[in-house]
Amino acid sequence: MFTVLLFLLFAGLAIGCAISMVAQRNPLYSAISLIGVFIALACLYVMLAAPFIAAVQVIVYAGAIMVLVVFVIMLLNVEEEEKKRTRLRVLIPAAVLLAAVLIAEASFIFYFVERAGQPHDPSTSNVGLTASIGIGLFTQYLLPFEITSVLLLMAIVGAMTLASRTGGGFFSPNVRVVPGAAVLPRQIVDPNAVGDATPVIAETTEEAARLLGVDDVDQKPDED
Amino acid sequence: MDVHLSWYLALSAILFTIGVVGVIIKRNIISMFMCIELMLNAVNLTFVAFSSYFRDVTGQLFVFIVMTVAAAEAAVGLGIIIAIFRNRESLDVDDANILKL
């Protein structure tokens with residue numbers, strides 16, 4: 001009975017947060033609701049005797065991924081969605097009809113199919129423990145594990161390629177990175193352009209020194 | 001009265017459906033991204049429920065791999081989102097209607 005109450009509590013929390021996530025217009029509120037869903041699901045994993053997965057859920061999902069998402073939301077300064085333009089209004093009755101059919105089918109399965117899962121006793125199960133997961137991961141499923149590491153490497157390279165500034169925005173696409181390269185505000189080079197902060201790119205130290213009017217390249221110019 | 005396996009499956013189906021609805025009705029690309037994460041989590045709940053009820057660790061290993069794929073997807077997807085925003089100054093998916101970044 002106690003587990004039923006806990007299940008209803010966390011399931012209600014998960015569904016409520018999920019609906020709130022879809023209903024919110026501001027993406028930041030959506031992200032915070034999604035964190036609520038993740039926490040509720042972690043509690044359900046603990047109820048299912050999977051403590052390792054619960055911990056990873058909190059660390060990876062609610063921690064790492066959502067921090068990344070919130071970071072991007074704040075970086076891009078996302079405004080609220082404007083009011084939706086509703087299109088294809090004629091399809092709404094068909095959508096309601098099909099949804100009713102789907103719900104009827106799902107509830108038919110839910111009520112009339114023979115109950116397959118026997119009630120479990122989490123105290124005797126060691127399936128969800130870290131040790132058994134580690135044994136499974138490093139013996140029988142070693143190949144998927146290694147492929148996963150290759151996938152992560154590809155993701156790192158892809159993310160760096162996509163997010164790098166070359167080719168878009170600030171610098172011209174043919175900027176090369178060379179040792180000793182310097183990017184100078186235009187007002188340093190040209191005394192007439194006071195307040196103009198657009199960059200002047202020098203590709204070598206000598207060029208930077210020539211632009212700055214410094215003869216002695218070996219001596220670092222005083223920063224102050 | 002005990003919590004049956006079908007309860008978890010029903011909860012998972014509800015969460016997945018909410019995620020699908022969000023992907024369909026949202027137009028902000030970050031919101032759509034978060035709805036995809038919600039769908040992945042609904043599938044994870046199914047895996048863990050089956051794994052716990054059938055006393056088989058395989059389901060939880062799959063959840064582990066799904067989480068890794070989700071992390072990779074987050075990194076690459078958010079990189080794409082930033083690239084799109086830098087070019088179009090907008091996160092509306094209706095504005096991103098040509099493939100060129």
# chains A, B, ... in the order shown; residues from 1 in each chain; ligands from 1
call {"tool": "closest_atom_pairs", "arguments": {"of": "chain A", "to": "chain B", "cutoff": "7 Å", "atoms": "only C-alpha atoms", "output": "Markdown table"}}
result
| residue | atom | partner | partner_atom | distance |
| --- | --- | --- | --- | --- |
| A:Met1 | CA | B:Met1 | CA | 6.1 |
| A:Thr3 | CA | B:Val3 | CA | 6.9 |
| A:Val4 | CA | B:Val3 | CA | 5.7 |
| A:Ala11 | CA | B:Leu11 | CA | 6.8 |
| A:Ile15 | CA | B:Leu15 | CA | 6.5 |
| A:Ala18 | CA | B:Ile18 | CA | 6.8 |
| A:Ile19 | CA | B:Ile18 | CA | 6.8 |
| A:Val22 | CA | B:Gly22 | CA | 5.4 |
| A:Pro27 | CA | B:Ser31 | CA | 6.0 |
| A:Leu48 | CA | B:Ser52 | CA | 5.9 |
| A:Ala49 | CA | B:Ser52 | CA | 6.8 |
| A:Ile65 | CA | B:Ala71 | CA | 6.3 |
| A:Glu81 | CA | B:Asn28 | CA | 6.9 |
| A:Phe110 | CA | B:Ser6 | CA | 6.8 |
| A:Gly117 | CA | B:Leu5 | CA | 5.4 |
| A:Gln118 | CA | B:Tyr53 | CA | 6.9 |
| A:Pro119 | CA | B:His4 | CA | 6.5 |
| A:His120 | CA | B:Tyr53 | CA | 6.1 |
| A:Val127 | CA | B:Val57 | CA | 5.4 |
| A:Gly128 | CA | B:Val57 | CA | 6.8 |
| A:Ile133 | CA | B:Val57 | CA | 6.5 |
| A:Leu137 | CA | B:Leu61 | CA | 6.7 |
| A:Thr148 | CA | B:Ile65 | CA | 6.9 |
| A:Leu152 | CA | B:Ala72 | CA | 5.9 |
| A:Ala155 | CA | B:Ala72 | CA | 5.3 |
| A:Gly158 | CA | B:Val76 | CA | 6.2 |
| A:Ala159 | CA | B:Val76 | CA | 4.8 |
| A:Leu162 | CA | B:Gly79 | CA | 5.5 |
| A:Ala163 | CA | B:Gly79 | CA | 5.2 |
call {"tool": "select_by_dssp", "arguments": {"residues": "chain B", "states": "helix (DSSP H, G or I)", "output": "PyMOL selection string"}}
result
chain B and resi 5-25+29-53+58-88
call {"tool": "atom_distance", "arguments": {"atom1": "atom CA of Ile53 of chain A", "atom2": "atom CA of Leu129 of chain A"}}
result
8.9 Å
call {"tool": "residues_around", "arguments": {"residues": "Ile35 of chain A", "least_positions_apart": "3", "cutoff": "12 Å", "atoms": "only C-alpha atoms", "output": "PyMOL selection string"}}
result
(chain A and resi 13-14+17-18+20-21+28-32+38-42+57-67+69-70) or (chain B and resi 34-35+37-38+41)
call {"tool": "write_last_selection", "arguments": {"atoms": "C-alpha atoms", "output": "CSV table (one decimal), in the first residue's frame"}}
result
chain,number,residue,atom,x,y,z
A,13,LEU,CA,4.8,14.6,-10.2
A,14,ALA,CA,6.2,13.3,-13.4
A,17,CYS,CA,5.8,18.4,-14.7
A,18,ALA,CA,5.7,17.0,-18.2
A,20,SER,CA,3.8,21.9,-17.5
A,21,MET,CA,6.8,21.6,-19.7
A,28,LEU,CA,13.6,28.3,-19.2
A,29,TYR,CA,10.4,27.3,-17.3
A,30,SER,CA,10.1,24.3,-19.6
A,31,ALA,CA,13.7,23.3,-18.7
A,32,ILE,CA,13.0,23.6,-15.0
A,38,PHE,CA,13.9,13.7,-14.3
A,39,ILE,CA,13.9,13.8,-10.5
A,40,ALA,CA,10.5,12.1,-10.3
A,41,LEU,CA,11.8,9.4,-12.7
A,42,ALA,CA,14.9,8.9,-10.6
A,57,GLN,CA,19.7,9.8,-14.0
A,58,VAL,CA,20.3,12.6,-11.5
A,59,ILE,CA,23.9,13.1,-12.4
A,60,VAL,CA,23.8,12.9,-16.2
A,61,TYR,CA,20.3,14.1,-17.0
A,62,ALA,CA,19.3,16.5,-14.3
A,63,GLY,CA,22.9,17.5,-13.9
A,64,ALA,CA,24.9,17.6,-17.1
A,65,ILE,CA,22.4,17.7,-19.9
A,66,MET,CA,20.0,20.2,-18.3
A,67,VAL,CA,22.9,22.5,-17.3
A,69,VAL,CA,20.3,23.2,-22.1
A,70,VAL,CA,19.9,26.0,-19.5
B,34,MET,CA,13.6,19.0,-24.4
B,35,CYS,CA,10.5,17.1,-25.5
B,37,GLU,CA,14.7,14.2,-24.0
B,38,LEU,CA,11.3,13.5,-22.3
B,41,ASN,CA,13.2,9.1,-20.6
call {"tool": "decode", "arguments": {"residues": "chain B", "atoms": "C-alpha atoms", "output": "compact mmCIF listing (two decimals), in the first residue's frame"}}
result
# COMPACT_ATOMS: atom_id res chain seq x y z
CA MET B 1 -2.65 -4.04 -3.71
CA ASP B 2 0.68 -3.79 -5.37
CA VAL B 3 2.28 -1.75 -8.09
CA HIS B 4 2.01 -3.80 -11.24
CA LEU B 5 4.28 -3.70 -14.23
CA SER B 6 1.45 -2.34 -16.35
CA TRP B 7 1.30 0.79 -14.18
CA TYR B 8 4.85 1.66 -15.08
CA LEU B 9 4.17 0.92 -18.72
CA ALA B 10 1.10 3.16 -18.67
CA LEU B 11 3.08 5.98 -17.06
CA SER B 12 5.79 5.54 -19.66
CA ALA B 13 3.23 5.65 -22.47
CA ILE B 14 1.70 8.83 -21.04
CA LEU B 15 5.08 10.54 -20.77
CA PHE B 16 6.02 9.47 -24.29
CA THR B 17 2.73 10.81 -25.63
CA ILE B 18 3.26 14.14 -23.89
CA GLY B 19 6.71 14.28 -25.48
CA VAL B 20 5.30 13.58 -28.95
CA VAL B 21 2.62 16.22 -28.48
CA GLY B 22 5.29 18.70 -27.41
CA VAL B 23 7.45 18.01 -30.46
CA ILE B 24 4.42 18.51 -32.68
CA ILE B 25 3.00 21.68 -31.15
CA LYS B 26 6.18 23.47 -30.12
CA ARG B 27 7.96 25.73 -32.57
CA ASN B 28 10.89 26.78 -30.43
CA ILE B 29 13.75 24.46 -31.30
CA ILE B 30 15.02 24.20 -27.73
CA SER B 31 11.58 23.21 -26.46
CA MET B 32 11.40 20.53 -29.13
CA PHE B 33 14.81 19.31 -28.03
CA MET B 34 13.60 18.99 -24.43
CA CYS B 35 10.50 17.09 -25.55
CA ILE B 36 12.79 14.60 -27.31
CA GLU B 37 14.66 14.17 -24.03
CA LEU B 38 11.32 13.47 -22.35
CA MET B 39 10.56 10.74 -24.88
CA LEU B 40 13.96 9.14 -24.28
CA ASN B 41 13.22 9.13 -20.56
CA ALA B 42 9.84 7.48 -21.08
CA VAL B 43 11.55 4.67 -22.98
CA ASN B 44 14.13 4.40 -20.20
CA LEU B 45 11.35 3.94 -17.67
CA THR B 46 10.01 1.01 -19.72
CA PHE B 47 13.45 -0.58 -19.85
CA VAL B 48 14.01 -0.27 -16.11
CA ALA B 49 10.52 -1.55 -15.28
CA PHE B 50 10.96 -4.67 -17.41
CA SER B 51 14.47 -5.18 -16.09
CA SER B 52 13.26 -5.00 -12.52
CA TYR B 53 10.27 -7.27 -13.01
CA PHE B 54 12.06 -9.95 -14.97
CA ARG B 55 15.23 -9.78 -12.84
CA ASP B 56 17.41 -9.22 -15.88
CA VAL B 57 20.16 -6.65 -15.91
CA THR B 58 20.07 -6.19 -19.70
CA GLY B 59 17.41 -3.52 -19.58
CA GLN B 60 19.43 -1.35 -17.26
CA LEU B 61 22.48 -1.70 -19.47
CA PHE B 62 20.41 -0.46 -22.37
CA VAL B 63 19.31 2.48 -20.24
CA PHE B 64 22.96 3.26 -19.62
CA ILE B 65 23.67 3.29 -23.34
CA VAL B 66 20.55 5.34 -24.07
CA MET B 67 21.77 7.92 -21.56
CA THR B 68 25.13 8.08 -23.30
CA VAL B 69 23.45 8.59 -26.65
CA ALA B 70 21.28 11.30 -25.08
CA ALA B 71 24.37 13.09 -23.79
CA ALA B 72 26.00 12.94 -27.22
CA GLU B 73 22.76 14.12 -28.76
CA ALA B 74 22.63 17.04 -26.33
CA ALA B 75 26.16 18.15 -27.20
CA VAL B 76 25.73 17.93 -30.97
CA GLY B 77 22.12 19.15 -30.97
CA LEU B 78 22.88 22.23 -28.92
CA GLY B 79 25.86 22.94 -31.20
CA ILE B 80 23.51 22.81 -34.18
CA ILE B 81 21.03 25.05 -32.35
CA ILE B 82 23.75 27.63 -31.68
CA ALA B 83 24.89 27.50 -35.32
CA ILE B 84 21.32 27.98 -36.55
CA PHE B 85 20.74 30.85 -34.16
CA ARG B 86 23.96 32.54 -35.24
CA ASN B 87 22.87 32.45 -38.87
CA ARG B 88 19.18 33.18 -38.57
CA GLU B 89 18.87 35.18 -35.33
CA SER B 90 15.86 33.05 -34.54
CA LEU B 91 15.03 29.75 -32.86
CA ASP B 92 11.73 29.25 -34.64
CA VAL B 93 11.81 26.03 -36.66
CA ASP B 94 9.66 27.68 -39.33
CA ASP B 95 12.56 30.03 -40.06
CA ALA B 96 15.01 27.16 -40.52
CA ASN B 97 13.56 25.97 -43.78
CA ILE B 98 16.69 25.47 -45.87
CA LEU B 99 19.37 22.93 -45.13
CA LYS B 100 22.31 25.29 -45.47
CA LEU B 101 23.61 26.34 -42.10
